[in-house]
There are 2 protein chains.
Amino acid sequence: MKIEIIAIGNELTSGRILNTTSSFAARNLFEAGYEIYGMNTIGDAPNLIGEALKQALGRADAVLVTGGLGTTDDDLTNEAVSKALNRPTMPNYEILANIRSHLDEITNTPVSQLEKLAWLPSGAEALSPQSRMAGYLLVHDDKPIFFLPGIPSQMRRLLVEQVLPKLSAWQKDHRLTTYQRVFRIFNLPETEVNRRINTLDLSADAHIGYYPVFPEVHLSLTVRDKETNNAERLFKSSCHAITTVLGDAIYGHDGDNMAMVTGRLLGDRGLRLAVAESCTGGLIAAKVTDTPGSSQYFLGGVVAYANEMKSGFLGVAPELIAAHGAVSREVAEAMARGVRTLSGADIGLAVTGIAGPGGGSDDKPVGTVYIAIATAEEQWGTKFLFRGDRQQVRELTALSGLDLVRKYLLQQAGA
Amino acid sequence: MKIEIIAIGNELTSGRILNTTSSFAARNLFEAGYEIYGMNTIGDAPNLIGEALKQALGRADAVLVTGGLGTTDDDLTNEAVSKALNRPTMPNYEILANIRSHLDEITNTPVSQLEKLAWLPSGAEALSPQSRMAGYLLVHDDKPIFFLPGIPSQMRRLLVEQVLPKLSAWQKDHRLTTYQRVFRIFNLPETEVNRRINTLDLSADAHIGYYPVFPEVHLSLTVRDKETNNAERLFKSSCHAITTVLGDAIYGHDGDNMAMVTGRLLGDRGLRLAVAESCTGGLIAAKVTDTPGSSQYFLGGVVAYANEMKSGFLGVAPELIAAHGAVSREVAEAMARGVRTLSGADIGLAVTGIAGPGGGSDDKPVGTVYIAIATAEEQWGTKFLFRGDRQQVRELTALSGLDLVRKYLLQQAGA
């Protein structure tokens, strides 16, 4: 079943806002076994909306439209749909009742403006009339068209709770069984990943895609077959082949991220981490704490952005900084040691470097970064020379630091 | 001049990767005065690419195509263009020479695969043959078609350095004078922003757009006119009207972000900030240090994720935590005081709260956050009850903390 996705909004076509809704929809629909014909992004103009809608109906089996369903003056989707498909708007009484019963909570928007939400093209079935969310299903020319709000959180919720189940009921027989996995790779260039994969003799039905997602490379494996057993078998053997040739450059898959994977390894071993950050300025700690439950293995850390903080909060001797510079292996190791012993953590991770654009020198150009790890028994530092702008150097440093902890823990398996 | 943007890549239509390149291109082209007809995202299939290209040539004055120019097997753009426009591929000798002269640096990719980069549809003008970046201009039916790599950093660079100047030379007379400003608003709901703007009597030529970009609202003002003087005058008076009714809910405009604006205010006053973070886990420090030059006004801070860290690194009395709980006004104020005095900063900002999904109680549900500020003279805490998931609560907390510092500094004007 081919689905076309249309996103509406001047904020998208002027580049003001990044279109995340189409990507989310595409991913979920693809994983549910549908084929995505394409994604179209257009402005809030009724004629454009009508044209795009009719074109989509002509070439796809189902359509997903997001945006333009709100109450402000530039929300023109319903008007456009009504005209293009010749379906006059009619009041949906369930929505109207819902609006009126909540009026005491809304003091600023005029009632007439809110009630715009209740006027839908004839034949429309509201997707979630009880909630405050706009959205409806229209079956036209025997094809389902889903209209969802452009607001990402609402769109995502309705897609998962309403659209996917309804689509599933609509076309039960036409879906292929899909097995898909995305391997998340760090510290291996795309050309090298490609080269190693090409040494394998993978089946033509095992589709491979390479996606650079700085600073990682993602490799997607997709196996689709009407016969579930064939697909599953091929999927498993392909996974084994891929993980064998890529080794520990693969840090995780699908929804994993580096911090989450490293945290899982720490938690499994009952170890606790603390971080001392200079150039990354809190980015490592923020990544780690993004994962719920990270308090199990993460104590916190120090953002020692100024040199006084390295001495005052981490016990790094000022003479050491004076002798080797704040960006040095010696200071990195002292920071790691300091945060570990002062916090009581099992592992201390420290980074110090020059993120740029200023601060570089011939000796230590922008991108020079030292990353150190301290444990009860030992400590050691690694030197990197990262390429990129400020944000890229910070991102590379944060992920490299976590990756080093990850690899250290994997080596410790059984110890 | 109408421009259509086509982004090619299975990784986009499967939702694996978010399409950021089209948005970037649209924003830059829009700000340069061009009209964006629409943005189309399609898979790596030659027939789809050809169809989209021909359709775009039929309805726009220029086309921008990104993606599919690399060396791997799923890079099919050149083949598709060649077929669709009936332009056989020919070798570009400058690119070939460049590849061969760098062969000693590339040990893994077969030469034949790399040389795929040099075969372009006849008539193509390589945009940056000296660099390693793919990309070319093709004039077909007297319309310019720009082909750029899908890799965001390369695409952005070529768009700015090559495409914009060439487009400018192409259609000098057709561009309108555009004045545009995006006002960035925090802590005011979109309906309230809309209501206040509707109290103004703005000209019909002053186009207003509202874009919720959680947790902010962005309001764009666009004035376009063939007469530069008219546009400039209208733009200025509209800006004044808007900033008057919205007041300090507007924290900045265009490329500003909250941390940058707050940092600017600190720097202007010669003040230095340190932060003590619990639930935000480093996010505030990371946002502040994202801005180059932040070392002028930012010392760093402590991520006191575990309670022991609040006592050990910030001097918060364990009895205080035991008496009021880690998430309390008293502890927030003690954290702010602690990080300020221990670091030597002028202002200490502290946050402690429950980001969720776990950790809530009837007394203190998920989203309960205390934010405190400490200065030499005083300290005070504010209580919030934020709605959202873990990431949203952390983001709201971080921005609210910085916003409070910003508003404090604005009150101090003249002091």
# chains A, B, ... in the order shown; residues from 1 in each chain; ligands from 1

call {"tool": "residues_around", "arguments": {"residues": "Glu31 of chain B", "least_positions_apart": "2", "cutoff": "9 Å", "atoms": "only C-alpha atoms", "output": "mmCIF file with N, CA and C atoms, in the first residue's frame"}}
result
data_model
loop_
_atom_site.group_PDB
_atom_site.id
_atom_site.type_symbol
_atom_site.label_atom_id
_atom_site.label_comp_id
_atom_site.auth_asym_id
_atom_site.auth_seq_id
_atom_site.Cartn_x
_atom_site.Cartn_y
_atom_site.Cartn_z
ATOM 1 N N SER A 14 9.252 28.254 4.302
ATOM 2 C CA SER A 14 10.201 29.370 4.420
ATOM 3 C C SER A 14 11.436 28.913 5.177
ATOM 4 N N ALA B 26 15.302 26.171 2.133
ATOM 5 C CA ALA B 26 14.109 27.015 2.020
ATOM 6 C C ALA B 26 14.306 28.313 2.780
ATOM 7 N N ARG B 27 14.850 28.207 3.978
ATOM 8 C CA ARG B 27 15.027 29.404 4.788
ATOM 9 C C ARG B 27 15.957 30.391 4.105
ATOM 10 N N ASN B 28 17.075 29.878 3.613
ATOM 11 C CA ASN B 28 18.042 30.768 2.983
ATOM 12 C C ASN B 28 17.529 31.354 1.679
ATOM 13 N N LEU B 29 16.836 30.551 0.902
ATOM 14 C CA LEU B 29 16.296 31.039 -0.363
ATOM 15 C C LEU B 29 15.185 32.060 -0.098
ATOM 16 N N GLY B 33 14.875 36.310 -0.862
ATOM 17 C CA GLY B 33 13.823 36.934 -1.667
ATOM 18 C C GLY B 33 13.125 36.034 -2.664
ATOM 19 N N TYR B 34 13.445 34.753 -2.676
ATOM 20 C CA TYR B 34 12.796 33.861 -3.629
ATOM 21 C C TYR B 34 11.544 33.257 -3.028
ATOM 22 N N THR B 178 12.780 41.940 0.564
ATOM 23 C CA THR B 178 12.121 41.301 1.695
ATOM 24 C C THR B 178 12.714 41.761 3.008
ATOM 25 N N TYR B 179 11.854 42.178 3.924
ATOM 26 C CA TYR B 179 12.282 42.419 5.298
ATOM 27 C C TYR B 179 11.593 41.370 6.156
ATOM 28 N N GLN B 180 12.381 40.643 6.903
ATOM 29 C CA GLN B 180 11.772 39.599 7.725
ATOM 30 C C GLN B 180 12.417 39.547 9.091
#

call {"tool": "interface_residues", "arguments": {"of": "chain B", "to": "chain A", "cutoff": "6 Å", "atoms": "only C-alpha atoms", "output": "list in words"}}
result
Thr13, Ser14, Gly15, Arg16, Leu18, Ser23, Phe24, Ala26, Arg27, Phe30, Gly38, Met39, Asn40, Thr41, Ile42, Gly281, Gly282, Leu283, Ala285, Ala286, Thr289, Leu299, Gly300, Gly301, Val302, Val303, Ala304, Tyr305 and Ala306 of chain B

call {"tool": "residues_around", "arguments": {"residues": "Gly348 of chain B", "least_positions_apart": "4", "cutoff": "10 Å", "atoms": "only C-alpha atoms", "output": "number ranges by chain"}}
result
B: 272-276, 301, 333, 335-344, 372-376, 379, 405

call {"tool": "write_last_selection", "arguments": {"atoms": "N, CA and C atoms", "output": "tab-separated table (two decimals), in the first residue's frame"}}
result
chain	number	residue	atom	x	y	z
B	272	ARG	N	29.49	37.31	36.16
B	272	ARG	CA	29.78	35.92	35.86
B	272	ARG	C	28.79	35.00	36.54
B	273	LEU	N	28.43	33.94	35.81
B	273	LEU	CA	27.38	33.01	36.25
B	273	LEU	C	27.95	31.63	36.52
B	274	ALA	N	27.41	30.95	37.53
B	274	ALA	CA	27.70	29.53	37.76
B	274	ALA	C	26.37	28.83	38.01
B	275	VAL	N	26.24	27.57	37.61
B	275	VAL	CA	24.96	26.87	37.74
B	275	VAL	C	25.08	25.58	38.53
B	276	ALA	N	24.03	25.29	39.28
B	276	ALA	CA	23.95	24.02	40.01
B	276	ALA	C	22.71	23.31	39.50
B	301	GLY	N	29.88	24.88	36.52
B	301	GLY	CA	28.88	24.54	37.52
B	301	GLY	C	29.01	23.12	38.00
B	333	GLU	N	17.58	27.02	46.95
B	333	GLU	CA	18.29	28.23	47.36
B	333	GLU	C	19.67	27.91	47.91
B	335	MET	N	21.52	25.38	47.06
B	335	MET	CA	22.36	25.01	45.90
B	335	MET	C	22.85	26.26	45.18
B	336	ALA	N	21.95	27.23	45.01
B	336	ALA	CA	22.34	28.45	44.30
B	336	ALA	C	23.39	29.21	45.09
B	337	ARG	N	23.15	29.30	46.40
B	337	ARG	CA	24.10	29.98	47.29
B	337	ARG	C	25.46	29.27	47.25
B	338	GLY	N	25.39	27.94	47.35
B	338	GLY	CA	26.61	27.13	47.38
B	338	GLY	C	27.46	27.29	46.14
B	339	VAL	N	26.83	27.16	44.96
B	339	VAL	CA	27.64	27.23	43.74
B	339	VAL	C	28.17	28.66	43.53
B	340	ARG	N	27.42	29.64	44.00
B	340	ARG	CA	27.88	31.01	43.83
B	340	ARG	C	29.12	31.29	44.68
B	341	THR	N	29.00	30.98	45.97
B	341	THR	CA	30.12	31.29	46.85
B	341	THR	C	31.34	30.43	46.57
B	342	LEU	N	31.14	29.15	46.30
B	342	LEU	CA	32.27	28.26	46.08
B	342	LEU	C	33.00	28.54	44.77
B	343	SER	N	32.28	29.08	43.78
B	343	SER	CA	32.91	29.33	42.48
B	343	SER	C	33.42	30.76	42.36
B	344	GLY	N	32.90	31.64	43.18
B	344	GLY	CA	33.29	33.04	43.06
B	344	GLY	C	32.46	33.80	42.04
B	372	ALA	N	16.17	28.57	41.70
B	372	ALA	CA	16.60	29.63	42.62
B	372	ALA	C	17.74	30.42	42.03
B	373	ILE	N	17.77	31.71	42.39
B	373	ILE	CA	18.87	32.58	41.99
B	373	ILE	C	19.50	33.15	43.24
B	374	ALA	N	20.84	33.20	43.27
B	374	ALA	CA	21.55	33.78	44.41
B	374	ALA	C	22.50	34.86	43.91
B	375	THR	N	22.44	36.02	44.55
B	375	THR	CA	23.38	37.09	44.24
B	375	THR	C	24.11	37.42	45.52
B	376	ALA	N	24.99	38.41	45.48
B	376	ALA	CA	25.72	38.78	46.69
B	376	ALA	C	24.76	39.25	47.78
B	379	GLN	N	18.85	35.92	47.84
B	379	GLN	CA	18.53	34.75	47.02
B	379	GLN	C	17.03	34.49	47.15
B	405	VAL	N	17.09	34.51	34.98
B	405	VAL	CA	18.32	35.30	35.08
B	405	VAL	C	18.23	36.50	34.14

call {"tool": "residues_around", "arguments": {"residues": "Gln130 of chain B", "least_positions_apart": "2", "cutoff": "10 Å", "atoms": "only C-alpha atoms", "output": "number ranges by chain"}}
result
B: 94-95, 97-99, 126-128, 132-133

call {"tool": "closest_residue", "arguments": {"among": "B:Glu378, B:Asp205, B:Asp248, B:Glu51", "to": "Arg233 of chain B", "atoms": "only C-alpha atoms"}}
result
B:Asp205

call {"tool": "atom_distance", "arguments": {"atom1": "atom CA of Met1 of chain B", "atom2": "atom CA of Pro88 of chain B"}}
result
28.7 Å

call {"tool": "closest_residue", "arguments": {"among": "A:Leu148, A:Leu246, A:Leu221, A:Val393", "to": "Pro189 of chain A", "atoms": "only C-alpha atoms"}}
result
A:Leu246

call {"tool": "atom_distance", "arguments": {"atom1": "atom CA of Tyr136 of chain A", "atom2": "atom CA of Glu216 of chain B"}}
result
26.7 Å

call {"tool": "residues_around", "arguments": {"residues": "Leu402 of chain A", "least_positions_apart": "6", "cutoff": "8 Å", "atoms": "only C-alpha atoms", "output": "CSV table (one decimal) with N, CA, C and O atoms, in the first residue's frame"}}
result
chain,number,residue,atom,x,y,z
A,258,MET,N,24.3,6.4,22.4
A,258,MET,CA,25.6,6.1,23.1
A,258,MET,C,25.5,6.2,24.6
A,258,MET,O,25.9,5.3,25.3
A,259,ALA,N,24.8,7.2,25.1
A,259,ALA,CA,24.7,7.4,26.5
A,259,ALA,C,23.9,6.3,27.1
A,259,ALA,O,24.2,5.8,28.2
A,262,THR,N,26.0,3.0,27.1
A,262,THR,CA,27.0,3.0,28.2
A,262,THR,C,26.4,2.9,29.5
A,262,THR,O,26.9,2.2,30.4
A,284,ILE,N,28.0,16.1,28.1
A,284,ILE,CA,28.1,14.7,28.5
A,284,ILE,C,27.1,14.3,29.6
A,284,ILE,O,26.3,13.4,29.4

call {"tool": "residues_around", "arguments": {"residues": "Lys143 of chain A", "least_positions_apart": "3", "cutoff": "8 Å", "atoms": "only C-alpha atoms", "output": "ChimeraX atom specification"}}
result
/A:57,61-63,139-140

call {"tool": "select_by_dssp", "arguments": {"residues": "segment 181-341 of chain B", "states": "alpha helix (DSSP H)", "output": "short mmCIF file (atom, residue, chain, number, x, y, z; two decimals) with N, CA and C atoms, in the first residue's frame"}}
result
data_model
loop_
_atom_site.label_atom_id
_atom_site.label_comp_id
_atom_site.auth_asym_id
_atom_site.auth_seq_id
_atom_site.Cartn_x
_atom_site.Cartn_y
_atom_site.Cartn_z
N GLU B 190 0.54 30.59 22.67
CA GLU B 190 0.31 31.07 21.31
C GLU B 190 -1.02 31.82 21.20
N THR B 191 -2.05 31.35 21.88
CA THR B 191 -3.35 32.02 21.78
C THR B 191 -3.27 33.44 22.34
N GLU B 192 -2.47 33.62 23.38
CA GLU B 192 -2.33 34.95 23.96
C GLU B 192 -1.52 35.87 23.04
N VAL B 193 -0.48 35.27 22.42
CA VAL B 193 0.31 36.05 21.46
C VAL B 193 -0.62 36.51 20.33
N ASN B 194 -1.39 35.57 19.80
CA ASN B 194 -2.32 35.85 18.71
C ASN B 194 -3.32 36.94 19.12
N ARG B 195 -3.84 36.83 20.33
CA ARG B 195 -4.83 37.80 20.80
C ARG B 195 -4.23 39.20 20.85
N ARG B 196 -3.03 39.31 21.41
CA ARG B 196 -2.42 40.64 21.54
C ARG B 196 -2.10 41.22 20.17
N ILE B 197 -1.61 40.39 19.26
CA ILE B 197 -1.29 40.88 17.91
C ILE B 197 -2.56 41.35 17.21
N ASN B 198 -3.66 40.65 17.45
CA ASN B 198 -4.92 41.05 16.79
C ASN B 198 -5.46 42.37 17.32
N THR B 228 11.73 49.55 -2.09
CA THR B 228 12.48 49.31 -0.87
C THR B 228 12.08 50.23 0.27
N ASN B 229 11.85 51.52 -0.03
CA ASN B 229 11.54 52.47 1.04
C ASN B 229 10.23 52.15 1.75
N ASN B 230 9.21 51.79 0.96
CA ASN B 230 7.94 51.44 1.56
C ASN B 230 8.11 50.26 2.52
N ALA B 231 8.81 49.24 2.01
CA ALA B 231 8.96 48.02 2.79
C ALA B 231 9.69 48.31 4.09
N GLU B 232 10.75 49.07 4.01
CA GLU B 232 11.55 49.34 5.22
C GLU B 232 10.75 50.10 6.26
N ARG B 233 9.98 51.09 5.81
CA ARG B 233 9.21 51.90 6.73
C ARG B 233 8.14 51.07 7.42
N LEU B 234 7.44 50.28 6.62
CA LEU B 234 6.39 49.44 7.17
C LEU B 234 6.97 48.40 8.14
N PHE B 235 8.12 47.86 7.74
CA PHE B 235 8.76 46.86 8.59
C PHE B 235 9.09 47.45 9.96
N LYS B 236 9.68 48.62 9.98
CA LYS B 236 10.09 49.22 11.25
C LYS B 236 8.90 49.52 12.15
N SER B 237 7.85 50.09 11.56
CA SER B 237 6.70 50.44 12.41
C SER B 237 5.99 49.19 12.91
N SER B 238 5.97 48.14 12.08
CA SER B 238 5.34 46.90 12.52
C SER B 238 6.14 46.28 13.67
N CYS B 239 7.47 46.32 13.57
CA CYS B 239 8.32 45.79 14.64
C CYS B 239 8.03 46.50 15.95
N HIS B 240 7.93 47.84 15.89
CA HIS B 240 7.66 48.61 17.11
C HIS B 240 6.35 48.21 17.74
N ALA B 241 5.32 48.06 16.89
CA ALA B 241 4.00 47.71 17.42
C ALA B 241 4.05 46.34 18.10
N ILE B 242 4.70 45.40 17.45
CA ILE B 242 4.76 44.03 17.99
C ILE B 242 5.53 43.97 19.30
N THR B 243 6.70 44.62 19.35
CA THR B 243 7.49 44.55 20.57
C THR B 243 6.82 45.28 21.72
N THR B 244 6.00 46.27 21.39
CA THR B 244 5.31 46.99 22.45
C THR B 244 4.25 46.12 23.11
N VAL B 245 3.42 45.44 22.30
CA VAL B 245 2.35 44.65 22.93
C VAL B 245 2.84 43.36 23.58
N LEU B 246 3.99 42.85 23.11
CA LEU B 246 4.46 41.58 23.68
C LEU B 246 5.48 41.76 24.80
N MET B 258 17.93 31.59 23.91
CA MET B 258 17.82 32.12 25.27
C MET B 258 19.18 32.22 25.96
N ALA B 259 20.02 31.17 25.82
CA ALA B 259 21.31 31.17 26.50
C ALA B 259 22.20 32.28 25.96
N MET B 260 22.14 32.50 24.67
CA MET B 260 22.96 33.51 24.02
C MET B 260 22.55 34.91 24.50
N VAL B 261 21.25 35.15 24.56
CA VAL B 261 20.75 36.45 24.98
C VAL B 261 21.10 36.72 26.44
N THR B 262 20.90 35.73 27.29
CA THR B 262 21.22 35.89 28.72
C THR B 262 22.73 36.12 28.88
N GLY B 263 23.51 35.38 28.10
CA GLY B 263 24.95 35.54 28.15
C GLY B 263 25.39 36.95 27.76
N ARG B 264 24.74 37.48 26.73
CA ARG B 264 25.06 38.82 26.26
C ARG B 264 24.80 39.84 27.38
N LEU B 265 23.69 39.67 28.09
CA LEU B 265 23.35 40.59 29.18
C LEU B 265 24.38 40.49 30.31
N LEU B 266 24.81 39.25 30.63
CA LEU B 266 25.82 39.07 31.67
C LEU B 266 27.12 39.75 31.26
N GLY B 267 27.54 39.46 30.03
CA GLY B 267 28.80 40.01 29.53
C GLY B 267 28.80 41.53 29.53
N ASP B 268 27.68 42.13 29.09
CA ASP B 268 27.59 43.59 29.04
C ASP B 268 27.75 44.21 30.42
N LEU B 283 22.19 20.25 31.21
CA LEU B 283 21.59 20.88 30.03
C LEU B 283 21.76 22.39 30.02
N ILE B 284 21.63 23.02 31.18
CA ILE B 284 21.76 24.49 31.24
C ILE B 284 23.19 24.88 30.89
N ALA B 285 24.16 24.25 31.51
CA ALA B 285 25.58 24.55 31.23
C ALA B 285 25.89 24.27 29.77
N ALA B 286 25.36 23.20 29.22
CA ALA B 286 25.61 22.87 27.81
C ALA B 286 25.03 23.94 26.90
N LYS B 287 23.84 24.44 27.24
CA LYS B 287 23.24 25.49 26.40
C LYS B 287 24.07 26.76 26.47
N VAL B 288 24.53 27.12 27.68
CA VAL B 288 25.29 28.35 27.82
C VAL B 288 26.61 28.26 27.07
N THR B 289 27.30 27.12 27.21
CA THR B 289 28.61 26.98 26.59
C THR B 289 28.55 26.68 25.11
N ASN B 307 22.08 13.04 45.52
CA ASN B 307 22.01 13.93 46.69
C ASN B 307 23.35 14.14 47.36
N GLU B 308 24.21 13.10 47.35
CA GLU B 308 25.53 13.26 47.97
C GLU B 308 26.32 14.38 47.30
N MET B 309 26.07 14.54 46.00
CA MET B 309 26.78 15.57 45.26
C MET B 309 26.32 16.96 45.73
N LYS B 310 25.05 17.09 46.09
CA LYS B 310 24.55 18.39 46.54
C LYS B 310 25.29 18.80 47.83
N SER B 311 25.53 17.82 48.70
CA SER B 311 26.25 18.12 49.94
C SER B 311 27.74 18.22 49.69
N GLY B 312 28.30 17.21 49.02
CA GLY B 312 29.74 17.15 48.82
C GLY B 312 30.31 18.29 47.99
N PHE B 313 29.62 18.68 46.94
CA PHE B 313 30.17 19.69 46.04
C PHE B 313 29.58 21.08 46.23
N LEU B 314 28.40 21.18 46.83
CA LEU B 314 27.74 22.48 46.95
C LEU B 314 27.54 22.92 48.40
N PRO B 318 23.07 18.10 54.72
CA PRO B 318 22.23 16.90 54.58
C PRO B 318 20.92 17.00 55.37
N GLU B 319 20.97 17.74 56.50
CA GLU B 319 19.75 17.88 57.31
C GLU B 319 18.68 18.65 56.55
N LEU B 320 19.12 19.59 55.72
CA LEU B 320 18.17 20.39 54.94
C LEU B 320 17.46 19.50 53.92
N ILE B 321 18.26 18.63 53.27
CA ILE B 321 17.68 17.71 52.29
C ILE B 321 16.73 16.75 53.00
N ALA B 322 17.14 16.28 54.18
CA ALA B 322 16.29 15.34 54.93
C ALA B 322 14.99 16.02 55.36
N ALA B 323 15.07 17.28 55.76
CA ALA B 323 13.90 17.98 56.29
C ALA B 323 12.90 18.37 55.19
N HIS B 324 13.40 18.88 54.06
CA HIS B 324 12.49 19.42 53.04
C HIS B 324 12.40 18.59 51.77
N ARG B 329 12.18 24.42 47.78
CA ARG B 329 12.67 25.78 47.65
C ARG B 329 13.95 25.96 48.48
N GLU B 330 13.94 25.37 49.68
CA GLU B 330 15.09 25.53 50.58
C GLU B 330 16.36 24.95 49.96
N VAL B 331 16.24 23.75 49.40
CA VAL B 331 17.43 23.10 48.81
C VAL B 331 17.86 23.85 47.56
N ALA B 332 16.90 24.31 46.75
CA ALA B 332 17.26 25.06 45.54
C ALA B 332 18.05 26.30 45.93
N GLU B 333 17.58 27.02 46.95
CA GLU B 333 18.29 28.23 47.36
C GLU B 333 19.67 27.91 47.91
N ALA B 334 19.77 26.81 48.66
CA ALA B 334 21.07 26.42 49.21
C ALA B 334 22.03 26.04 48.08
N MET B 335 21.52 25.38 47.06
CA MET B 335 22.36 25.01 45.90
C MET B 335 22.85 26.26 45.18
N ALA B 336 21.95 27.23 45.01
CA ALA B 336 22.34 28.45 44.30
C ALA B 336 23.39 29.21 45.09
N ARG B 337 23.15 29.30 46.40
CA ARG B 337 24.10 29.98 47.29
C ARG B 337 25.46 29.27 47.25
N GLY B 338 25.39 27.94 47.35
CA GLY B 338 26.61 27.13 47.38
C GLY B 338 27.46 27.29 46.14
N VAL B 339 26.83 27.16 44.96
CA VAL B 339 27.64 27.23 43.74
C VAL B 339 28.17 28.66 43.53
N ARG B 340 27.42 29.64 44.00
CA ARG B 340 27.88 31.01 43.83
C ARG B 340 29.12 31.29 44.68
N THR B 341 29.00 30.98 45.97
CA THR B 341 30.12 31.29 46.85
C THR B 341 31.34 30.43 46.57
#

call {"tool": "residues_around", "arguments": {"residues": "Arg387 of chain A", "least_positions_apart": "6", "cutoff": "9 Å", "atoms": "only C-alpha atoms", "output": "JSON list (two decimals) with N, CA, C and O atoms, in the first residue's frame"}}
result
[["chain", "number", "residue", "atom", "x", "y", "z"],
["A", 366, "VAL", "N", 42.60, 24.08, 17.09],
["A", 366, "VAL", "CA", 41.19, 23.83, 17.41],
["A", 366, "VAL", "C", 40.88, 22.37, 17.11],
["A", 366, "VAL", "O", 41.29, 21.84, 16.08],
["A", 367, "GLY", "N", 40.21, 21.71, 18.01],
["A", 367, "GLY", "CA", 39.89, 20.30, 17.84],
["A", 367, "GLY", "C", 40.79, 19.40, 18.67],
["A", 367, "GLY", "O", 40.56, 18.19, 18.76],
["A", 393, "VAL", "N", 32.84, 19.62, 17.30],
["A", 393, "VAL", "CA", 33.93, 19.20, 18.18],
["A", 393, "VAL", "C", 33.36, 18.79, 19.54],
["A", 393, "VAL", "O", 33.75, 17.78, 20.13],
["A", 396, "LEU", "N", 31.53, 15.40, 19.06],
["A", 396, "LEU", "CA", 32.50, 14.31, 18.88],
["A", 396, "LEU", "C", 33.18, 13.98, 20.21],
["A", 396, "LEU", "O", 33.41, 12.81, 20.54]]
